[in-house]
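Reviewing the structure listed below.
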Amino acid sequence: MGKYAISVSPHINDKSTTSRIMLDVLIALVPSFIASILIFGPRAAVVTFVCVASCVFFEWGYLKIVKKPNPLVIIRDYSACITGVILAFNLPVTIPIWQAVVGSAVAIILVKQLFGGLGKNIFNPAETARVFMFIAFATTMTTWVKPLDFSTWVSPSNLDGLTAATPLALIKHGDVGALPGVWEMFIGVRGGCLGETSNLALLIGGIYLMFRRVISWHTPVAYIAMVAAFSALLGFDPVYQIFGGGLFLGAIFMATDYVTAPQTKLGQLIFGVMCGFFTVIIRVYSNYPEGVSFSILFMNILTPYINKLTETKPLGGVKK
């Protein structure tokens, strides 16, 4: 008996670290990054690099200003890099570079660091920055270009005859004759933000994260299934509703955020279902053709209550 160490539960032997988890998320985002360059041209890489570099710089600068010890060590968890990539994926490829930098500052300083840093922010930083930019820069945030036409990647102001509405915008305005085919939407050859169009690439990344047990299926599946079912119930084509916007990007990479999403499996199912419900409500009954960002942010507010509602009682614990 003397060879055994006896301790209280939980008995966990896991080599996972914050850096390892964040690195897995970055790896999962690689297929979408490659797809964005193939679909929208080299400027997709430029926008992504600017957002990542800006997020890392603003995090380092903030930690330096508030005199945190070893700020370079703190930012090695890759969380700022992930915020930068996801923010870039939520932007049009033609976004002015200075606006991408402003969005990065909002995500890191206002949404993440002023709330206390990693693990303490109540909203998803990239998602919040996208909503801020949509309100502040409405024109540039809703200017799309035709995929596979790279003539605008150097000079995005030259957009005459090159604009292309998103499938959800076409549906919103009743221009269903201009909709792309289902296969085109699935692989990403359509108008939209640079990292949201290729559902195939996002799905590959999501499968990788589930295989690595970084995320579970509960929130993404519940979210996507709810959008499909509720859209069909309201008389809309569910295939176009799940493939025509930023649903896969939001469901896989933002609604599963460890910090701002529920921790219990039941809570994740509830979170996904409610995100899907509000996404469809916004798409159908508001003037905005997309609803993923607003839905996730609204549900971020309710996350503490969902956690409280679905928390499990320890074996032998006293009923509260």
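Letters A, B, ... mark the chains of the structure tokens in the order given; residue numbers begin at 1 per chain; ligand numbers begin at 1, in order shown.
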Item to check | Test item: residues at most 12 Å from Arg76 in chain A, only C-alpha atoms, excluding those fewer than 4 positions along its chain, as a PyMOL selection string | outcome: chain A and resi 17-20+22-23+56+59-60+70-72+80-82+118
Export, as a PDB file, in the first residue's frame, the selected residues with N, CA and C atoms.
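What landed in part08.pdb:
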ATOM      1  N   THR A  17      -2.715  21.780 -22.245  1.00  0.00           N
ATOM      2  CA  THR A  17      -2.420  23.090 -21.688  1.00  0.00           C
ATOM      3  C   THR A  17      -3.154  24.124 -22.529  1.00  0.00           C
ATOM      4  N   THR A  18      -3.236  25.335 -22.013  1.00  0.00           N
ATOM      5  CA  THR A  18      -3.874  26.401 -22.776  1.00  0.00           C
ATOM      6  C   THR A  18      -3.187  26.585 -24.124  1.00  0.00           C
ATOM      7  N   SER A  19      -1.868  26.574 -24.122  1.00  0.00           N
ATOM      8  CA  SER A  19      -1.121  26.759 -25.369  1.00  0.00           C
ATOM      9  C   SER A  19      -1.390  25.626 -26.348  1.00  0.00           C
ATOM     10  N   ARG A  20      -1.470  24.386 -25.836  1.00  0.00           N
ATOM     11  CA  ARG A  20      -1.711  23.234 -26.716  1.00  0.00           C
ATOM     12  C   ARG A  20      -3.101  23.308 -27.333  1.00  0.00           C
ATOM     13  N   MET A  22      -4.944  26.067 -27.776  1.00  0.00           N
ATOM     14  CA  MET A  22      -4.974  27.190 -28.709  1.00  0.00           C
ATOM     15  C   MET A  22      -4.246  26.841 -30.011  1.00  0.00           C
ATOM     16  N   LEU A  23      -3.167  26.096 -29.915  1.00  0.00           N
ATOM     17  CA  LEU A  23      -2.442  25.688 -31.112  1.00  0.00           C
ATOM     18  C   LEU A  23      -3.298  24.769 -31.978  1.00  0.00           C
ATOM     19  N   VAL A  56      -1.628  40.713 -31.503  1.00  0.00           N
ATOM     20  CA  VAL A  56      -0.460  40.389 -30.681  1.00  0.00           C
ATOM     21  C   VAL A  56       0.201  41.663 -30.175  1.00  0.00           C
ATOM     22  N   GLU A  59      -1.972  43.333 -27.446  1.00  0.00           N
ATOM     23  CA  GLU A  59      -1.920  42.585 -26.190  1.00  0.00           C
ATOM     24  C   GLU A  59      -0.584  42.814 -25.491  1.00  0.00           C
ATOM     25  N   TRP A  60       0.502  42.739 -26.256  1.00  0.00           N
ATOM     26  CA  TRP A  60       1.818  43.003 -25.666  1.00  0.00           C
ATOM     27  C   TRP A  60       1.897  44.426 -25.129  1.00  0.00           C
ATOM     28  N   ASN A  70       6.718  39.881 -17.497  1.00  0.00           N
ATOM     29  CA  ASN A  70       6.968  39.032 -18.662  1.00  0.00           C
ATOM     30  C   ASN A  70       5.812  38.998 -19.650  1.00  0.00           C
ATOM     31  N   PRO A  71       5.441  40.123 -20.245  1.00  0.00           N
ATOM     32  CA  PRO A  71       4.309  40.134 -21.175  1.00  0.00           C
ATOM     33  C   PRO A  71       4.497  39.202 -22.374  1.00  0.00           C
ATOM     34  N   LEU A  72       5.755  38.999 -22.801  1.00  0.00           N
ATOM     35  CA  LEU A  72       5.989  38.102 -23.933  1.00  0.00           C
ATOM     36  C   LEU A  72       5.632  36.659 -23.578  1.00  0.00           C
ATOM     37  N   ALA A  80      -4.204  35.538 -28.580  1.00  0.00           N
ATOM     38  CA  ALA A  80      -4.266  36.755 -29.388  1.00  0.00           C
ATOM     39  C   ALA A  80      -4.196  36.421 -30.874  1.00  0.00           C
ATOM     40  N   CYS A  81      -3.419  35.401 -31.212  1.00  0.00           N
ATOM     41  CA  CYS A  81      -3.335  34.977 -32.619  1.00  0.00           C
ATOM     42  C   CYS A  81      -4.684  34.460 -33.106  1.00  0.00           C
ATOM     43  N   ILE A  82      -5.346  33.663 -32.265  1.00  0.00           N
ATOM     44  CA  ILE A  82      -6.652  33.124 -32.644  1.00  0.00           C
ATOM     45  C   ILE A  82      -7.670  34.244 -32.808  1.00  0.00           C
ATOM     46  N   LEU A 118      -7.366  36.889 -20.529  1.00  0.00           N
ATOM     47  CA  LEU A 118      -7.853  35.577 -20.944  1.00  0.00           C
ATOM     48  C   LEU A 118      -8.592  34.882 -19.801  1.00  0.00           C
TER      49      LEU A 118
END
Item to check | Selection near range 213-218 of chain A, 8 Å with only C-alpha atoms, sequence-local residues under 6 positions removed, as a PyMOL selection string | outcome: chain A and resi 21+24-25+256+265+268-269+272
Excluding same-chain residues fewer than 3 positions from range 130-138 of chain A, what lies within 7 Å of it counting only C-alpha atoms, as a CSV table (one decimal) with C-alpha atoms, in the first residue's frame?
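Final file, result-v7.csv:
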chain,number,residue,atom,x,y,z
A,87,LEU,CA,-11.6,38.5,-36.6
A,90,ASN,CA,-15.2,37.9,-40.2
A,103,GLY,CA,-11.1,46.2,-35.0
A,126,ALA,CA,-13.5,38.7,-32.3
A,127,GLU,CA,-17.3,38.6,-32.5
A,141,MET,CA,-18.1,45.9,-43.8
A,142,THR,CA,-20.9,45.1,-46.4
A,293,SER,CA,-22.8,37.5,-34.5
Checklist entry - What separation in Å, quoted to one decimal, exists between CA of Leu266 in chain A and CA of Gln241 in chain A? => result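 Pair CA of Leu266 in chain A / CA of Gln241 in chain A returns 24.9 Å.
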Next on the checklist: Which residues are close to Leu203 in chain A, i.e. within 12 Å by only C-alpha atoms, leaving aside same-chain residues fewer than 2 positions away? Reply as a PyMOL selection string.
Outcome noted: chain A and resi 28-32+186-188+196-201+205-210+217+220-221+224+243+247-253
Checklist entry - Near Tyr240 in chain A, within 10 Å and counting only C-alpha atoms, which residues show up once chain neighbours fewer than 2 positions away are dropped, as a list of chain:residue names? => result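 Surrounding residues, per the criterion: A:Pro167, A:Leu168, A:Ile171, A:Leu179, A:Pro180, A:Gly181, A:Val182, A:Met185, A:Phe186, A:Ala228, A:Ser231, A:Phe236, A:Asp237, A:Pro238, A:Ile242, A:Phe243, A:Gly244, A:Gly245.
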